[in-house]
file run33.cif (mmCIF, C-alpha atoms)
data_my_file
#
loop_
_atom_site.group_PDB
_atom_site.id
_atom_site.type_symbol
_atom_site.label_atom_id
_atom_site.label_comp_id
_atom_site.auth_asym_id
_atom_site.auth_seq_id
_atom_site.Cartn_x
_atom_site.Cartn_y
_atom_site.Cartn_z
ATOM 1 C CA MET A 26 20.548 3.316 25.534
ATOM 2 C CA GLY A 27 20.429 -0.459 25.855
ATOM 3 C CA SER A 28 23.263 -2.715 24.805
ATOM 4 C CA VAL A 29 23.884 -3.244 21.112
ATOM 5 C CA GLN A 30 22.816 -6.778 20.287
ATOM 6 C CA PRO A 31 23.451 -8.376 16.873
ATOM 7 C CA ARG A 32 21.457 -11.392 15.689
ATOM 8 C CA VAL A 33 21.787 -13.570 12.617
ATOM 9 C CA GLN A 34 19.586 -16.223 11.048
ATOM 10 C CA ALA A 35 21.372 -18.404 8.526
ATOM 11 C CA PRO A 36 21.417 -22.119 7.811
ATOM 12 C CA GLY A 37 24.094 -24.201 9.533
ATOM 13 C CA ALA A 38 24.358 -26.755 6.760
ATOM 14 C CA VAL A 39 23.867 -26.261 3.039
ATOM 15 C CA ALA A 40 24.605 -28.098 -0.171
ATOM 16 C CA ARG A 41 27.548 -27.033 -2.320
ATOM 17 C CA ASP A 42 26.728 -24.172 -4.702
ATOM 18 C CA GLU A 43 23.428 -23.580 -2.956
ATOM 19 C CA VAL A 44 22.542 -19.912 -2.653
ATOM 20 C CA PHE A 45 21.203 -19.382 0.857
ATOM 21 C CA GLN A 46 19.668 -16.390 2.592
ATOM 22 C CA VAL A 47 21.211 -14.706 5.606
ATOM 23 C CA ARG A 48 19.098 -12.402 7.753
ATOM 24 C CA THR A 49 20.800 -10.026 10.149
ATOM 25 C CA LEU A 50 19.505 -7.628 12.746
ATOM 26 C CA ILE A 51 21.324 -5.399 15.181
ATOM 27 C CA SER A 52 19.678 -3.347 17.893
ATOM 28 C CA HIS A 53 21.088 0.158 17.480
ATOM 29 C CA PRO A 54 19.458 3.600 17.614
ATOM 30 C CA MET A 55 21.085 4.832 14.377
ATOM 31 C CA GLU A 56 21.106 8.433 15.586
ATOM 32 C CA THR A 57 21.349 10.667 12.563
ATOM 33 C CA GLY A 58 22.671 13.732 14.338
ATOM 34 C CA LEU A 59 19.728 15.706 12.950
ATOM 35 C CA ARG A 60 17.385 15.170 15.884
ATOM 36 C CA ARG A 61 17.154 17.401 18.916
ATOM 37 C CA ASP A 62 16.265 16.461 22.465
ATOM 38 C CA SER A 63 13.510 18.132 24.516
ATOM 39 C CA ALA A 64 15.875 20.937 25.568
ATOM 40 C CA GLY A 65 16.644 21.694 21.932
ATOM 41 C CA ASN A 66 20.220 20.368 21.968
ATOM 42 C CA PRO A 67 21.209 18.257 18.975
ATOM 43 C CA ILE A 68 21.564 14.553 19.751
ATOM 44 C CA PRO A 69 25.000 13.490 18.527
ATOM 45 C CA ARG A 70 25.282 11.293 15.450
ATOM 46 C CA ASN A 71 25.870 7.625 16.198
ATOM 47 C CA LEU A 72 25.425 5.231 13.304
ATOM 48 C CA ILE A 73 26.384 1.754 12.299
ATOM 49 C CA ASN A 74 28.173 2.893 9.164
ATOM 50 C CA LYS A 75 29.326 -0.420 7.710
ATOM 51 C CA PHE A 76 28.192 -4.014 7.650
ATOM 52 C CA THR A 77 30.424 -6.748 6.237
ATOM 53 C CA CYS A 78 29.945 -10.467 5.791
ATOM 54 C CA ARG A 79 33.095 -12.550 5.434
ATOM 55 C CA TYR A 80 32.968 -16.143 4.279
ATOM 56 C CA ASN A 81 36.185 -17.945 5.304
ATOM 57 C CA GLY A 82 37.885 -14.591 5.558
ATOM 58 C CA VAL A 83 36.791 -13.275 2.166
ATOM 59 C CA VAL A 84 34.249 -10.471 1.959
ATOM 60 C CA VAL A 85 31.148 -11.677 0.085
ATOM 61 C CA PHE A 86 28.810 -8.813 0.866
ATOM 62 C CA SER A 87 29.157 -5.421 2.449
ATOM 63 C CA ALA A 88 26.940 -2.422 2.931
ATOM 64 C CA ASP A 89 27.843 1.190 3.719
ATOM 65 C CA LEU A 90 24.927 2.517 5.746
ATOM 66 C CA HIS A 91 24.007 6.154 6.157
ATOM 67 C CA GLU A 92 21.500 8.222 8.087
ATOM 68 C CA SER A 93 18.474 7.074 6.096
ATOM 69 C CA VAL A 94 18.706 3.467 7.249
ATOM 70 C CA SER A 95 16.159 2.759 9.964
ATOM 71 C CA ALA A 96 17.042 2.201 13.609
ATOM 72 C CA ASN A 97 17.737 -1.428 14.514
ATOM 73 C CA PRO A 98 19.018 -2.077 11.008
ATOM 74 C CA PHE A 99 17.734 -5.246 9.389
ATOM 75 C CA ILE A 100 19.686 -6.499 6.376
ATOM 76 C CA SER A 101 19.048 -9.733 4.528
ATOM 77 C CA PHE A 102 21.160 -10.954 1.622
ATOM 78 C CA TYR A 103 22.312 -14.109 -0.140
ATOM 79 C CA VAL A 104 25.558 -16.095 -0.196
ATOM 80 C CA ARG A 105 26.628 -18.924 -2.460
ATOM 81 C CA ALA A 106 27.993 -21.930 -0.560
ATOM 82 C CA LYS A 107 31.485 -23.049 -1.506
ATOM 83 C CA ASP A 108 33.594 -24.650 1.260
ATOM 84 C CA SER A 109 32.772 -25.455 4.869
ATOM 85 C CA GLY A 110 34.058 -22.911 7.319
ATOM 86 C CA HIS A 111 32.812 -19.821 9.063
ATOM 87 C CA LEU A 112 30.640 -16.871 8.259
ATOM 88 C CA VAL A 113 31.650 -13.754 10.171
ATOM 89 C CA TYR A 114 29.357 -10.743 10.392
ATOM 90 C CA ILE A 115 30.883 -7.390 11.289
ATOM 91 C CA TRP A 116 29.074 -4.169 12.173
ATOM 92 C CA GLU A 117 31.209 -1.026 12.505
ATOM 93 C CA GLU A 118 29.995 1.981 14.442
ATOM 94 C CA ASP A 119 30.997 5.638 14.194
ATOM 95 C CA GLY A 120 33.758 6.123 16.737
ATOM 96 C CA GLY A 121 35.361 2.750 16.030
ATOM 97 C CA ALA A 122 33.309 0.227 18.007
ATOM 98 C CA VAL A 123 32.964 -3.076 16.190
ATOM 99 C CA PHE A 124 30.349 -5.784 16.811
ATOM 100 C CA THR A 125 30.811 -9.247 15.369
ATOM 101 C CA LEU A 126 29.085 -12.581 15.187
ATOM 102 C CA GLU A 127 30.612 -15.776 13.872
ATOM 103 C CA ASN A 128 28.704 -18.887 12.842
ATOM 104 C CA PRO A 129 30.023 -22.159 11.450
ATOM 105 C CA LEU A 130 28.838 -23.367 8.069
ATOM 106 C CA THR A 131 28.916 -26.984 6.909
ATOM 107 C CA VAL A 132 28.804 -27.465 3.165
ATOM 108 C CA THR A 133 27.898 -30.961 2.039
ATOM 109 C CA ALA A 134 28.829 -32.155 -1.418
ATOM 110 C CA MET B 14 11.382 -16.955 -0.300
ATOM 111 C CA THR B 15 8.589 -14.403 -0.386
ATOM 112 C CA ASP B 16 7.945 -11.829 -3.053
ATOM 113 C CA PHE B 17 7.104 -9.120 -0.560
ATOM 114 C CA PRO B 18 9.757 -7.232 1.323
ATOM 115 C CA VAL B 19 10.202 -9.153 4.565
ATOM 116 C CA ALA B 20 10.648 -7.280 7.822
ATOM 117 C CA PHE B 21 12.201 -9.397 10.544
ATOM 118 C CA PRO B 22 10.451 -9.911 12.866
ATOM 119 C CA ARG B 23 7.478 -9.488 10.553
ATOM 120 C CA PRO B 24 4.707 -7.292 12.005
ATOM 121 C CA PRO B 25 1.065 -8.093 11.180
ATOM 122 C CA VAL B 26 0.208 -5.824 8.248
ATOM 123 C CA LYS B 27 -2.941 -5.331 6.239
ATOM 124 C CA VAL B 28 -1.856 -5.026 2.641
ATOM 125 C CA PRO B 29 -3.411 -1.901 1.104
ATOM 126 C CA GLU B 30 -4.370 -2.209 -2.553
ATOM 127 C CA ASP B 31 -1.862 0.447 -3.542
ATOM 128 C CA TYR B 32 0.813 -1.963 -2.331
ATOM 129 C CA LEU B 33 0.010 -4.265 -5.228
ATOM 130 C CA ALA B 34 0.338 -1.390 -7.662
ATOM 131 C CA GLY B 35 3.595 -0.510 -5.967
ATOM 132 C CA LEU B 36 4.954 -3.983 -6.675
ATOM 133 C CA ILE B 37 4.563 -3.270 -10.367
ATOM 134 C CA CYS B 38 6.532 -0.060 -10.038
ATOM 135 C CA THR B 39 9.836 -1.615 -10.970
ATOM 136 C CA GLY B 40 12.045 -0.499 -13.827
ATOM 137 C CA GLY B 41 9.872 -2.439 -16.252
ATOM 138 C CA LEU B 42 8.092 -5.735 -16.426
ATOM 139 C CA GLY B 43 10.911 -7.997 -15.369
ATOM 140 C CA MET B 44 10.264 -11.186 -13.462
ATOM 141 C CA ASN B 45 12.487 -13.592 -11.641
ATOM 142 C CA THR B 46 12.889 -16.715 -13.690
ATOM 143 C CA ALA B 47 13.744 -19.091 -10.866
ATOM 144 C CA SER B 48 10.590 -19.722 -8.826
ATOM 145 C CA SER B 49 8.313 -22.407 -7.528
ATOM 146 C CA SER B 50 5.017 -22.913 -9.306
ATOM 147 C CA ILE B 51 3.059 -21.598 -6.326
ATOM 148 C CA ALA B 52 5.123 -18.434 -6.171
ATOM 149 C CA LEU B 53 4.684 -18.042 -9.938
ATOM 150 C CA LEU B 54 0.914 -18.416 -9.671
ATOM 151 C CA ARG B 55 0.787 -15.920 -6.812
ATOM 152 C CA ARG B 56 2.910 -13.449 -8.763
ATOM 153 C CA THR B 57 0.685 -13.882 -11.834
ATOM 154 C CA ILE B 58 -2.435 -13.109 -9.808
ATOM 155 C CA LEU B 59 -0.755 -10.110 -8.194
ATOM 156 C CA ARG B 60 0.434 -8.828 -11.544
ATOM 157 C CA ALA B 61 -3.064 -9.108 -12.984
ATOM 158 C CA ALA B 62 -4.523 -7.294 -9.986
ATOM 159 C CA GLY B 63 -1.785 -4.712 -10.016
ATOM 160 C CA LEU B 64 -2.072 -4.058 -13.746
ATOM 161 C CA ALA B 65 -5.834 -3.649 -13.400
ATOM 162 C CA LEU B 66 -5.269 -1.169 -10.609
ATOM 163 C CA ALA B 67 -2.556 0.659 -12.482
ATOM 164 C CA ALA B 68 -4.627 0.892 -15.645
ATOM 165 C CA GLY B 69 -7.766 2.019 -13.843
ATOM 166 C CA THR B 70 -6.915 4.049 -10.833
ATOM 167 C CA LEU B 71 -3.408 5.410 -10.781
ATOM 168 C CA PRO B 72 -3.344 8.979 -12.047
ATOM 169 C CA ALA B 73 -0.239 10.386 -13.664
ATOM 170 C CA ASN B 74 1.632 12.008 -10.816
ATOM 171 C CA PRO B 75 4.239 14.496 -11.992
ATOM 172 C CA GLY B 76 5.859 14.436 -8.559
ATOM 173 C CA PHE B 77 7.008 10.885 -9.132
ATOM 174 C CA ALA B 78 8.011 11.110 -12.784
ATOM 175 C CA ALA B 79 11.622 10.942 -13.948
ATOM 176 C CA SER B 80 13.107 14.386 -13.543
ATOM 177 C CA ASP B 81 16.223 16.112 -14.733
ATOM 178 C CA GLU B 82 17.085 16.773 -11.094
ATOM 179 C CA ASP B 83 17.259 13.038 -10.466
ATOM 180 C CA ASN B 84 19.510 12.521 -13.466
ATOM 181 C CA ASP B 85 21.768 15.393 -12.357
ATOM 182 C CA LEU B 86 21.873 13.934 -8.873
ATOM 183 C CA ILE B 87 22.849 10.524 -10.198
ATOM 184 C CA GLU B 88 25.609 11.985 -12.307
ATOM 185 C CA ARG B 89 26.933 14.013 -9.356
ATOM 186 C CA LEU B 90 26.901 11.026 -7.015
ATOM 187 C CA ILE B 91 28.446 8.330 -9.173
ATOM 188 C CA GLY B 92 29.789 10.204 -12.148
ATOM 189 C CA LYS B 93 27.929 8.116 -14.712
ATOM 190 C CA LYS B 94 24.583 8.132 -16.456
ATOM 191 C CA ALA B 95 22.034 5.500 -15.462
ATOM 192 C CA SER B 96 19.444 3.850 -17.681
ATOM 193 C CA GLU B 97 16.225 2.305 -16.417
ATOM 194 C CA SER B 98 16.200 -1.456 -16.721
ATOM 195 C CA PRO B 99 13.681 -4.165 -15.835
ATOM 196 C CA ARG B 100 16.600 -6.233 -14.529
ATOM 197 C CA VAL B 101 16.756 -4.016 -11.452
ATOM 198 C CA GLN B 102 13.728 -4.212 -9.175
ATOM 199 C CA LEU B 103 13.272 -1.836 -6.287
ATOM 200 C CA LEU B 104 10.294 -3.182 -4.365
ATOM 201 C CA MET B 105 8.770 -0.771 -1.884
ATOM 202 C CA PRO B 106 5.180 -0.209 -0.790
ATOM 203 C CA ALA B 107 3.550 2.581 -2.786
ATOM 204 C CA VAL B 108 1.866 3.845 0.379
ATOM 205 C CA PHE B 109 3.265 3.326 3.868
ATOM 206 C CA GLY B 110 2.314 5.081 7.077
ATOM 207 C CA ASN B 111 5.489 4.894 9.126
ATOM 208 C CA GLY B 112 8.285 6.900 7.534
ATOM 209 C CA TYR B 113 10.779 5.659 10.125
ATOM 210 C CA SER B 114 10.855 2.086 8.878
ATOM 211 C CA VAL B 115 9.826 1.623 5.251
ATOM 212 C CA PRO B 116 10.592 -1.857 3.930
ATOM 213 C CA LEU B 117 12.744 -2.060 0.841
ATOM 214 C CA THR B 118 13.773 -5.018 -1.291
ATOM 215 C CA LEU B 119 16.370 -4.636 -3.976
ATOM 216 C CA ARG B 120 16.740 -7.367 -6.601
ATOM 217 C CA VAL B 121 18.930 -7.461 -9.658
ATOM 218 C CA ASP B 122 18.512 -10.140 -12.280
ATOM 219 C CA SER B 123 22.127 -11.205 -12.772
ATOM 220 C CA PRO B 124 23.858 -14.589 -13.007
ATOM 221 C CA MET B 125 26.616 -13.343 -10.635
ATOM 222 C CA THR B 126 29.431 -15.048 -12.486
ATOM 223 C CA GLU B 127 32.966 -13.693 -12.759
ATOM 224 C CA THR B 128 32.185 -12.180 -16.144
ATOM 225 C CA ASP B 129 28.671 -10.899 -15.450
ATOM 226 C CA HIS B 130 27.831 -9.630 -11.993
ATOM 227 C CA VAL B 131 26.656 -6.625 -10.056
ATOM 228 C CA ARG B 132 29.435 -4.742 -8.261
ATOM 229 C CA THR B 133 27.654 -2.022 -6.341
ATOM 230 C CA VAL B 134 24.127 -0.813 -5.796
ATOM 231 C CA HIS B 135 23.445 2.708 -4.544
ATOM 232 C CA ILE B 136 20.095 3.375 -2.899
ATOM 233 C CA ILE B 137 19.167 7.056 -3.061
ATOM 234 C CA ALA B 138 16.278 8.986 -1.517
ATOM 235 C CA PRO B 139 16.400 12.370 -3.277
ATOM 236 C CA LYS B 140 14.144 14.185 -0.819
ATOM 237 C CA ASN B 141 15.797 13.039 2.406
ATOM 238 C CA PRO B 142 18.124 15.422 4.284
ATOM 239 C CA ILE B 143 20.938 13.041 3.459
ATOM 240 C CA VAL B 144 20.276 11.632 0.047
ATOM 241 C CA ILE B 145 22.473 8.521 -0.041
ATOM 242 C CA VAL B 146 20.771 5.727 1.864
ATOM 243 C CA ALA B 147 23.153 2.817 1.409
ATOM 244 C CA LYS B 148 25.858 1.485 -0.848
ATOM 245 C CA LEU B 149 25.683 -2.291 -1.210
ATOM 246 C CA GLN B 150 28.703 -4.158 -2.517
ATOM 247 C CA PHE B 151 28.494 -7.642 -3.990
ATOM 248 C CA THR B 152 30.850 -10.298 -5.277
ATOM 249 C CA PRO B 153 30.155 -13.269 -7.550
ATOM 250 C CA ASP B 154 30.001 -15.339 -4.327
ATOM 251 C CA SER B 155 26.892 -13.433 -3.351
ATOM 252 C CA GLY B 156 25.056 -15.860 -5.622
ATOM 253 C CA ARG B 157 22.012 -13.667 -5.990
ATOM 254 C CA VAL B 158 21.349 -9.969 -5.547
ATOM 255 C CA ALA B 159 18.291 -9.775 -3.299
ATOM 256 C CA VAL B 160 18.721 -7.494 -0.317
ATOM 257 C CA SER B 161 15.998 -6.421 2.087
ATOM 258 C CA THR B 162 16.219 -3.674 4.627
ATOM 259 C CA ARG B 163 14.205 -0.857 6.161
ATOM 260 C CA ILE B 164 14.842 2.823 5.519
ATOM 261 C CA ARG B 165 13.698 6.230 6.696
ATOM 262 C CA LEU B 166 11.881 8.561 4.331
ATOM 263 C CA ALA B 167 11.314 12.215 5.137
ATOM 264 C CA GLU B 168 8.485 12.813 2.666
ATOM 265 C CA PRO B 169 6.764 11.168 -0.297
ATOM 266 C CA GLN B 170 9.352 10.661 -3.016
ATOM 267 C CA THR B 171 10.725 8.313 -5.625
ATOM 268 C CA VAL B 172 13.526 6.188 -4.244
ATOM 269 C CA LEU B 173 16.232 5.246 -6.745
ATOM 270 C CA ALA B 174 18.374 2.144 -6.994
ATOM 271 C CA LEU B 175 21.474 2.369 -9.195
ATOM 272 C CA ALA B 176 23.198 -0.917 -10.008
ATOM 273 C CA GLU B 177 26.762 -0.703 -11.284
ATOM 274 C CA MET B 178 27.621 -3.822 -13.241
ATOM 275 C CA ASN B 179 31.100 -5.218 -13.684
ATOM 276 C CA ASP B 180 31.196 -4.005 -17.291
ATOM 277 C CA GLY B 181 30.621 -0.417 -16.161
ATOM 278 C CA ALA B 182 26.957 -0.118 -17.133
ATOM 279 C CA VAL B 183 24.667 1.536 -14.601
ATOM 280 C CA LEU B 184 21.093 0.238 -14.479
ATOM 281 C CA MET B 185 18.372 1.955 -12.513
ATOM 282 C CA ALA B 186 15.003 1.289 -10.963
ATOM 283 C CA ARG B 187 12.672 3.717 -9.247
ATOM 284 C CA ALA B 188 10.000 3.214 -6.613
ATOM 285 C CA PRO B 189 7.536 5.982 -5.721
ATOM 286 C CA VAL B 190 6.608 5.868 -2.033
ATOM 287 C CA LYS B 191 4.089 7.944 -0.081
ATOM 288 C CA VAL B 192 4.775 8.132 3.637
ATOM 289 C CA ASP B 193 2.622 9.877 6.216
ATOM 290 C CA THR B 194 5.314 10.654 8.791
ATOM 291 C CA ASP B 195 8.700 12.331 8.468
ATOM 292 C CA GLY B 196 11.048 9.474 9.298
ATOM 293 C CA CYS B 197 14.109 11.673 9.371
ATOM 294 C CA ALA B 198 12.857 14.060 12.084
#
call {"tool": "encode", "arguments": {"input": "run33.cif", "output": "structure tokens"}}
result
Amino acid sequence: MGSVQPRVQAPGAVARDEVFQVRTLISHPMETGLRRDSAGNPIPRNLINKFTCRYNGVVVFSADLHESVSANPFISFYVRAKDSGHLVYIWEEDGGAVFTLENPLTVTA
Amino acid sequence: MTDFPVAFPRPPVKVPEDYLAGLICTGGLGMNTASSSIALLRRTILRAAGLALAAGTLPANPGFAASDEDNDLIERLIGKKASESPRVQLLMPAVFGNGYSVPLTLRVDSPMTETDHVRTVHIIAPKNPIVIVAKLQFTPDSGRVAVSTRIRLAEPQTVLALAEMNDGAVLMARAPVKVDTDGCA
């Protein structure tokens, strides 16, 4: 399995109260635990089970993901701009691993 | 902002005509009010094409109709009854070959203010081995409820989106999807 790589596309500067789109992608196999390998042994479950977006520390959007979400989960959503600061994106994996990305956001009046 | 579910990166896709009919398969005839004139014109043309298709060619398919099983499932999962509403739009292609990665766009027409917003949306695929696909949680700072993702579907089925509003109401939209491969295998 290759390394887990998160990517985000979001604007760096927006106007106040503008609702902007964030597009996120993370490379991850999203093993459901229902598949079997060629020898017939079940492949263990390994999912990204939660995605959270925090805007200056406050959660603005989160998603609990389950087995039916495709591998390399793509999630796009919207955020309303309030104050300048940071957007932090957090992906949590079964077993406790956490992947994060942080991007600055400039909000002009 | 496009009206079609956007996969990122977007693969080159020939749009089958059933896709247009699928775009009309929302909870009703709701439309986004905020749009550019070009997007509005495009949507009008698509609606006309889709309605013509729906009127002429789509047979009544009992496999995709509302069923008591779905309503029981909804009540078991969230403990409330859901009512279909044009404010919730679950946009999925009506026919899609690859069951491992079916694009899905969920939109709810809501001002997202403190007093009127969507709290949670449950996406449910009743015929998948594990029925709950995702639970999306929003705040008024989300600004707009328009989420796109890609999901696995095991067999042709009607995917459900249940939107819990802050006043406790549960609104629903359904999208029938035919896939050719078992994406959950």
call {"tool": "closest_residue", "arguments": {"input": "run33.cif", "among": "B:Thr162, B:Ser123, B:Thr133, B:Ser80", "to": "Val101 in chain B", "atoms": "all atoms listed in the file"}}
result
B:Ser123
call {"tool": "resolve_selection", "arguments": {"input": "run33.cif", "expression": "the PyMOL selection byres ((chain B and resi 103) around 6)", "output": "PyMOL selection string"}}
result
chain B and resi 39+102+104+118-119+186
call {"tool": "interface_residues", "arguments": {"input": "run33.cif", "of": "chain A", "to": "chain B", "cutoff": "10 Å", "atoms": "only C-alpha atoms", "output": "MDAnalysis selection string"}}
result
chainID A and resid 42:50 56:57 59:61 74:77 80 83:107
call {"tool": "write_last_selection", "arguments": {"input": "run33.cif", "atoms": "C-alpha atoms", "output": "short mmCIF file (atom, residue, chain, number, x, y, z; two decimals), in the coordinates of the input"}}
result
data_model
loop_
_atom_site.label_atom_id
_atom_site.label_comp_id
_atom_site.auth_asym_id
_atom_site.auth_seq_id
_atom_site.Cartn_x
_atom_site.Cartn_y
_atom_site.Cartn_z
CA ASP A 42 26.73 -24.17 -4.70
CA GLU A 43 23.43 -23.58 -2.96
CA VAL A 44 22.54 -19.91 -2.65
CA PHE A 45 21.20 -19.38 0.86
CA GLN A 46 19.67 -16.39 2.59
CA VAL A 47 21.21 -14.71 5.61
CA ARG A 48 19.10 -12.40 7.75
CA THR A 49 20.80 -10.03 10.15
CA LEU A 50 19.50 -7.63 12.75
CA GLU A 56 21.11 8.43 15.59
CA THR A 57 21.35 10.67 12.56
CA LEU A 59 19.73 15.71 12.95
CA ARG A 60 17.39 15.17 15.88
CA ARG A 61 17.15 17.40 18.92
CA ASN A 74 28.17 2.89 9.16
CA LYS A 75 29.33 -0.42 7.71
CA PHE A 76 28.19 -4.01 7.65
CA THR A 77 30.42 -6.75 6.24
CA TYR A 80 32.97 -16.14 4.28
CA VAL A 83 36.79 -13.28 2.17
CA VAL A 84 34.25 -10.47 1.96
CA VAL A 85 31.15 -11.68 0.08
CA PHE A 86 28.81 -8.81 0.87
CA SER A 87 29.16 -5.42 2.45
CA ALA A 88 26.94 -2.42 2.93
CA ASP A 89 27.84 1.19 3.72
CA LEU A 90 24.93 2.52 5.75
CA HIS A 91 24.01 6.15 6.16
CA GLU A 92 21.50 8.22 8.09
CA SER A 93 18.47 7.07 6.10
CA VAL A 94 18.71 3.47 7.25
CA SER A 95 16.16 2.76 9.96
CA ALA A 96 17.04 2.20 13.61
CA ASN A 97 17.74 -1.43 14.51
CA PRO A 98 19.02 -2.08 11.01
CA PHE A 99 17.73 -5.25 9.39
CA ILE A 100 19.69 -6.50 6.38
CA SER A 101 19.05 -9.73 4.53
CA PHE A 102 21.16 -10.95 1.62
CA TYR A 103 22.31 -14.11 -0.14
CA VAL A 104 25.56 -16.10 -0.20
CA ARG A 105 26.63 -18.92 -2.46
CA ALA A 106 27.99 -21.93 -0.56
CA LYS A 107 31.48 -23.05 -1.51
#
call {"tool": "closest_residue", "arguments": {"input": "run33.cif", "among": "A:His111, A:Arg32, A:Arg41, A:Arg79", "to": "Ala134 in chain A", "atoms": "all atoms listed in the file"}}
result
A:Arg41
call {"tool": "residues_near_point", "arguments": {"input": "run33.cif", "point": "(5.9, 6.3, -4.1)", "cutoff": "8 Å", "atoms": "all atoms listed in the file", "output": "CSV table (one decimal) with C-alpha atoms, in the coordinates of the input"}}
result
chain,number,residue,atom,x,y,z
B,35,GLY,CA,3.6,-0.5,-6.0
B,77,PHE,CA,7.0,10.9,-9.1
B,105,MET,CA,8.8,-0.8,-1.9
B,106,PRO,CA,5.2,-0.2,-0.8
B,107,ALA,CA,3.6,2.6,-2.8
B,108,VAL,CA,1.9,3.8,0.4
B,169,PRO,CA,6.8,11.2,-0.3
B,170,GLN,CA,9.4,10.7,-3.0
B,171,THR,CA,10.7,8.3,-5.6
B,172,VAL,CA,13.5,6.2,-4.2
B,188,ALA,CA,10.0,3.2,-6.6
B,189,PRO,CA,7.5,6.0,-5.7
B,190,VAL,CA,6.6,5.9,-2.0
B,191,LYS,CA,4.1,7.9,-0.1
call {"tool": "closest_residue", "arguments": {"input": "run33.cif", "among": "B:Glu168, B:Glu177, B:Asp83, B:Glu97", "to": "Gly110 in chain B", "atoms": "all atoms listed in the file"}}
result
B:Glu168
call {"tool": "resolve_selection", "arguments": {"input": "run33.cif", "expression": "the PyMOL selection byres ((chain A and resi 38) around 9)", "output": "mmCIF file with C-alpha atoms, in the coordinates of the input"}}
result
data_model
loop_
_atom_site.group_PDB
_atom_site.id
_atom_site.type_symbol
_atom_site.label_atom_id
_atom_site.label_comp_id
_atom_site.auth_asym_id
_atom_site.auth_seq_id
_atom_site.Cartn_x
_atom_site.Cartn_y
_atom_site.Cartn_z
ATOM 1 C CA PRO A 36 21.417 -22.119 7.811
ATOM 2 C CA GLY A 37 24.094 -24.201 9.533
ATOM 3 C CA VAL A 39 23.867 -26.261 3.039
ATOM 4 C CA ALA A 40 24.605 -28.098 -0.171
ATOM 5 C CA SER A 109 32.772 -25.455 4.869
ATOM 6 C CA PRO A 129 30.023 -22.159 11.450
ATOM 7 C CA LEU A 130 28.838 -23.367 8.069
ATOM 8 C CA THR A 131 28.916 -26.984 6.909
ATOM 9 C CA VAL A 132 28.804 -27.465 3.165
ATOM 10 C CA THR A 133 27.898 -30.961 2.039
#
call {"tool": "atom_distance", "arguments": {"input": "run33.cif", "atom1": "CA of Gly121 in chain A", "atom2": "CA of Leu72 in chain A"}}
result
10.6 Å
call {"tool": "closest_residue", "arguments": {"input": "run33.cif", "among": "B:Pro139, B:Arg89, B:Ser96, B:Leu175", "to": "Arg120 in chain B", "atoms": "all atoms listed in the file"}}
result
B:Leu175
call {"tool": "closest_residue", "arguments": {"input": "run33.cif", "among": "A:Asn71, A:Gln34, A:Asn66, A:Ser52", "to": "Asn128 in chain A", "atoms": "only C-alpha atoms"}}
result
A:Gln34
call {"tool": "closest_residue", "arguments": {"input": "run33.cif", "among": "A:Ile68, A:Ile115, A:Ile51, A:Val29", "to": "Glu127 in chain A", "atoms": "all atoms listed in the file"}}
result
A:Ile115
call {"tool": "atom_distance", "arguments": {"input": "run33.cif", "atom1": "CA of Gly110 in chain A", "atom2": "CA of Ala122 in chain A"}}
result
25.5 Å
call {"tool": "resolve_selection", "arguments": {"input": "run33.cif", "expression": "the PyMOL selection byres ((chain B and resi 181) around 12)", "output": "list in words"}}
result
Ile91, Gly92, Lys93, Lys94, Ala95, Thr128, Asp129, His130, Val131, Arg132, Thr133, Leu175, Ala176, Glu177, Met178, Asn179, Asp180, Ala182, Val183 and Leu184 of chain B
call {"tool": "atom_distance", "arguments": {"input": "run33.cif", "atom1": "CA of Ile73 in chain A", "atom2": "CA of Pro31 in chain A"}}
result
11.5 Å
